[in-house]
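*Asks:* Pasting in a structure now, in structure tokens, and then I'll have a few things to ask.
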Amino acid sequence: MTSLHMVQMNKKFLIQKVEIKGNLKRRLLDLGFVPGSVVEVLKASPLGDPISYRVAGTVIALRKEESQLLFGEVIES
């Protein structure tokens, strides 16, 4: 398993495990970052953090410390 933060641009990622706690976990689950969801890595900001992701039809930017706690595997497009 790898973290979402390690996935290259324009790749797709299948979430298998969410290790975020508290209110942030609730917020990410509400936005669609749940086990079984497919996330597409879109682009990084000029300094590399945050990174934009598409999940459940919505584009969301996550910071490194958040995306490092979402685990799964890269899948074929």
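Identifiers in the structure tokens: chain A, B, ... in order shown; residue index from 1 per chain; ligand index from 1 in order shown.
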Skipping near chain neighbours, those fewer than 6 positions away, what residues fall within 7 Å of stretch 5-14 of chain A using only C-alpha atoms, listed as a PDB file with N, CA and C atoms, in the first residue's frame?

*Replies:*
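The file below, out.pdb, is the result:
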```pdb
ATOM      1  N   GLY A  36     -12.629   2.452  -1.145  1.00  0.00           N
ATOM      2  CA  GLY A  36     -13.341   2.028  -2.346  1.00  0.00           C
ATOM      3  C   GLY A  36     -13.488   3.123  -3.386  1.00  0.00           C
ATOM      4  N   SER A  37     -13.243   4.374  -3.003  1.00  0.00           N
ATOM      5  CA  SER A  37     -13.344   5.492  -3.944  1.00  0.00           C
ATOM      6  C   SER A  37     -12.090   5.599  -4.797  1.00  0.00           C
ATOM      7  N   VAL A  38     -12.278   6.066  -6.027  1.00  0.00           N
ATOM      8  CA  VAL A  38     -11.155   6.309  -6.936  1.00  0.00           C
ATOM      9  C   VAL A  38     -10.867   7.806  -6.942  1.00  0.00           C
ATOM     10  N   VAL A  39      -9.594   8.144  -6.747  1.00  0.00           N
ATOM     11  CA  VAL A  39      -9.138   9.530  -6.716  1.00  0.00           C
ATOM     12  C   VAL A  39      -8.198   9.743  -7.893  1.00  0.00           C
ATOM     13  N   GLU A  40      -8.394  10.833  -8.621  1.00  0.00           N
ATOM     14  CA  GLU A  40      -7.486  11.186  -9.715  1.00  0.00           C
ATOM     15  C   GLU A  40      -6.588  12.329  -9.250  1.00  0.00           C
ATOM     16  N   VAL A  41      -5.284  12.178  -9.430  1.00  0.00           N
ATOM     17  CA  VAL A  41      -4.327  13.216  -9.049  1.00  0.00           C
ATOM     18  C   VAL A  41      -4.258  14.215 -10.202  1.00  0.00           C
ATOM     19  N   LEU A  42      -4.605  15.475  -9.942  1.00  0.00           N
ATOM     20  CA  LEU A  42      -4.696  16.467 -11.008  1.00  0.00           C
ATOM     21  C   LEU A  42      -3.435  17.310 -11.159  1.00  0.00           C
ATOM     22  N   LYS A  43      -3.119  18.144 -10.168  1.00  0.00           N
ATOM     23  CA  LYS A  43      -1.931  18.995 -10.290  1.00  0.00           C
ATOM     24  C   LYS A  43      -1.506  19.509  -8.921  1.00  0.00           C
ATOM     25  N   LYS A  64      -0.030  18.032   2.157  1.00  0.00           N
ATOM     26  CA  LYS A  64       0.786  16.825   2.265  1.00  0.00           C
ATOM     27  C   LYS A  64       0.429  16.021   3.508  1.00  0.00           C
ATOM     28  N   SER A  67      -2.863  14.106   2.795  1.00  0.00           N
ATOM     29  CA  SER A  67      -2.803  13.060   1.770  1.00  0.00           C
ATOM     30  C   SER A  67      -1.869  11.913   2.152  1.00  0.00           C
ATOM     31  N   GLN A  68      -0.950  12.149   3.089  1.00  0.00           N
ATOM     32  CA  GLN A  68      -0.065  11.077   3.555  1.00  0.00           C
ATOM     33  C   GLN A  68      -0.805  10.057   4.414  1.00  0.00           C
ATOM     34  N   GLY A  72      -3.703   3.283  -0.234  1.00  0.00           N
ATOM     35  CA  GLY A  72      -4.342   2.442  -1.235  1.00  0.00           C
ATOM     36  C   GLY A  72      -3.346   2.060  -2.305  1.00  0.00           C
ATOM     37  N   GLU A  73      -3.859   1.939  -3.539  1.00  0.00           N
ATOM     38  CA  GLU A  73      -2.982   1.529  -4.638  1.00  0.00           C
ATOM     39  C   GLU A  73      -3.320   2.283  -5.906  1.00  0.00           C
ATOM     40  N   VAL A  74      -2.297   2.455  -6.748  1.00  0.00           N
ATOM     41  CA  VAL A  74      -2.473   3.084  -8.055  1.00  0.00           C
ATOM     42  C   VAL A  74      -3.182   2.079  -8.948  1.00  0.00           C
ATOM     43  N   ILE A  75      -4.149   2.563  -9.730  1.00  0.00           N
ATOM     44  CA  ILE A  75      -4.884   1.688 -10.646  1.00  0.00           C
ATOM     45  C   ILE A  75      -4.725   2.198 -12.072  1.00  0.00           C
ATOM     46  N   GLU A  76      -5.001   1.335 -13.023  1.00  0.00           N
ATOM     47  CA  GLU A  76      -4.934   1.713 -14.438  1.00  0.00           C
ATOM     48  C   GLU A  76      -6.097   2.632 -14.776  1.00  0.00           C
ATOM     49  N   SER A  77      -5.836   3.603 -15.634  1.00  0.00           N
ATOM     50  CA  SER A  77      -6.870   4.570 -16.036  1.00  0.00           C
ATOM     51  C   SER A  77      -7.935   3.925 -16.876  1.00  0.00           C
TER      52      SER A  77
END
```

*Asks:* Kindly give the distance, in Å, that separates atom CA of A:Asp49 and atom CA of A:Arg63, rounded to a single decimal.

*Replies:*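 Atom-to-atom, atom CA of A:Asp49 to atom CA of A:Arg63, that is 5.8 Å.
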
*Asks:* Taking only C-alpha atoms into account, name the residue in A:Ala61, A:Ala56, A:Leu4, A:Leu70 that is nearest to A:Asp30.

*Replies:*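 Among the listed residues, A:Ala56 lies closest to A:Asp30.
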
*Asks:* Can you pull out every residue from chain A that DSSP, working from the backbone, puts in strand (DSSP E), and format the result as number ranges by chain?

*Replies:* A: 2-3, 12-18, 38-44, 51-55, 58-62, 70-75

*Asks:* Could the residues in this selection be written to a file with N, CA and C atoms, as a short mmCIF file (atom, residue, chain, number, x, y, z; two decimals), in the first residue's frame?

*Replies:*
```cif
data_model
loop_
_atom_site.label_atom_id
_atom_site.label_comp_id
_atom_site.auth_asym_id
_atom_site.auth_seq_id
_atom_site.Cartn_x
_atom_site.Cartn_y
_atom_site.Cartn_z
N THR A 2 0.43 2.27 -0.66
CA THR A 2 1.15 3.53 -0.73
C THR A 2 0.22 4.66 -0.29
N SER A 3 0.78 5.80 0.05
CA SER A 3 -0.06 6.94 0.43
C SER A 3 -0.44 7.73 -0.82
N LYS A 12 -4.53 7.43 -11.28
CA LYS A 12 -5.71 7.17 -10.46
C LYS A 12 -5.33 6.27 -9.30
N PHE A 13 -6.02 6.46 -8.19
CA PHE A 13 -5.67 5.82 -6.92
C PHE A 13 -6.94 5.29 -6.27
N LEU A 14 -6.91 4.05 -5.83
CA LEU A 14 -8.03 3.43 -5.14
C LEU A 14 -7.77 3.50 -3.64
N ILE A 15 -8.63 4.22 -2.92
CA ILE A 15 -8.48 4.34 -1.47
C ILE A 15 -8.87 3.02 -0.80
N GLN A 16 -7.99 2.54 0.08
CA GLN A 16 -8.26 1.32 0.83
C GLN A 16 -8.31 1.57 2.33
N LYS A 17 -7.66 2.63 2.79
CA LYS A 17 -7.57 2.87 4.23
C LYS A 17 -7.43 4.37 4.50
N VAL A 18 -8.19 4.88 5.48
CA VAL A 18 -8.13 6.28 5.88
C VAL A 18 -7.65 6.33 7.33
N VAL A 38 -12.28 6.07 -6.03
CA VAL A 38 -11.16 6.31 -6.94
C VAL A 38 -10.87 7.81 -6.94
N VAL A 39 -9.59 8.14 -6.75
CA VAL A 39 -9.14 9.53 -6.72
C VAL A 39 -8.20 9.74 -7.89
N GLU A 40 -8.39 10.83 -8.62
CA GLU A 40 -7.49 11.19 -9.72
C GLU A 40 -6.59 12.33 -9.25
N VAL A 41 -5.28 12.18 -9.43
CA VAL A 41 -4.33 13.22 -9.05
C VAL A 41 -4.26 14.22 -10.20
N LEU A 42 -4.61 15.47 -9.94
CA LEU A 42 -4.70 16.47 -11.01
C LEU A 42 -3.44 17.31 -11.16
N LYS A 43 -3.12 18.14 -10.17
CA LYS A 43 -1.93 19.00 -10.29
C LYS A 43 -1.51 19.51 -8.92
N ALA A 44 -0.24 19.89 -8.86
CA ALA A 44 0.32 20.45 -7.63
C ALA A 44 0.41 21.96 -7.75
N ILE A 51 -1.91 19.67 -3.26
CA ILE A 51 -2.13 19.00 -4.55
C ILE A 51 -3.64 18.87 -4.75
N SER A 52 -4.08 19.08 -6.00
CA SER A 52 -5.50 18.97 -6.34
C SER A 52 -5.84 17.54 -6.75
N TYR A 53 -6.97 17.06 -6.24
CA TYR A 53 -7.45 15.71 -6.53
C TYR A 53 -8.91 15.78 -6.96
N ARG A 54 -9.32 14.85 -7.81
CA ARG A 54 -10.74 14.72 -8.17
C ARG A 54 -11.26 13.44 -7.52
N VAL A 55 -12.33 13.58 -6.76
CA VAL A 55 -12.98 12.44 -6.13
C VAL A 55 -14.48 12.71 -6.14
N THR A 58 -15.77 15.94 -7.70
CA THR A 58 -15.40 17.22 -7.10
C THR A 58 -13.88 17.35 -7.05
N VAL A 59 -13.38 18.55 -7.31
CA VAL A 59 -11.94 18.81 -7.21
C VAL A 59 -11.65 19.41 -5.84
N ILE A 60 -10.68 18.80 -5.15
CA ILE A 60 -10.35 19.21 -3.79
C ILE A 60 -8.83 19.25 -3.64
N ALA A 61 -8.31 20.27 -2.98
CA ALA A 61 -6.88 20.36 -2.71
C ALA A 61 -6.61 19.87 -1.29
N LEU A 62 -5.63 18.97 -1.17
CA LEU A 62 -5.22 18.46 0.14
C LEU A 62 -3.76 18.80 0.39
N LEU A 70 -3.92 8.85 3.68
CA LEU A 70 -4.86 8.10 2.84
C LEU A 70 -4.06 7.04 2.10
N PHE A 71 -4.41 5.78 2.29
CA PHE A 71 -3.62 4.68 1.74
C PHE A 71 -4.42 3.85 0.74
N GLY A 72 -3.70 3.28 -0.23
CA GLY A 72 -4.34 2.44 -1.24
C GLY A 72 -3.35 2.06 -2.30
N GLU A 73 -3.86 1.94 -3.54
CA GLU A 73 -2.98 1.53 -4.64
C GLU A 73 -3.32 2.28 -5.91
N VAL A 74 -2.30 2.45 -6.75
CA VAL A 74 -2.47 3.08 -8.06
C VAL A 74 -3.18 2.08 -8.95
N ILE A 75 -4.15 2.56 -9.73
CA ILE A 75 -4.88 1.69 -10.65
C ILE A 75 -4.72 2.20 -12.07
#
```

*Asks:* Among chain A, which ones does DSSP place in helix (DSSP H, G or I), written as an NGL selection string?

*Replies:* :A and (4-6 or 22-31 or 64-67)

*Asks:* May I ask which of the residues A:Gly32, A:Met1, A:Ile20, A:Arg26 is the closest one to A:Glu65, counting only C-alpha atoms?

*Replies:*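 Of all the options, A:Ile20 lies closest to A:Glu65.
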
*Asks:* By how many Å are atom CA of A:Leu69 and atom CA of A:Glu19 apart?

*Replies:*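 Taking atom CA of A:Leu69 as the start and atom CA of A:Glu19 as the end point, the length is 5.2 Å.
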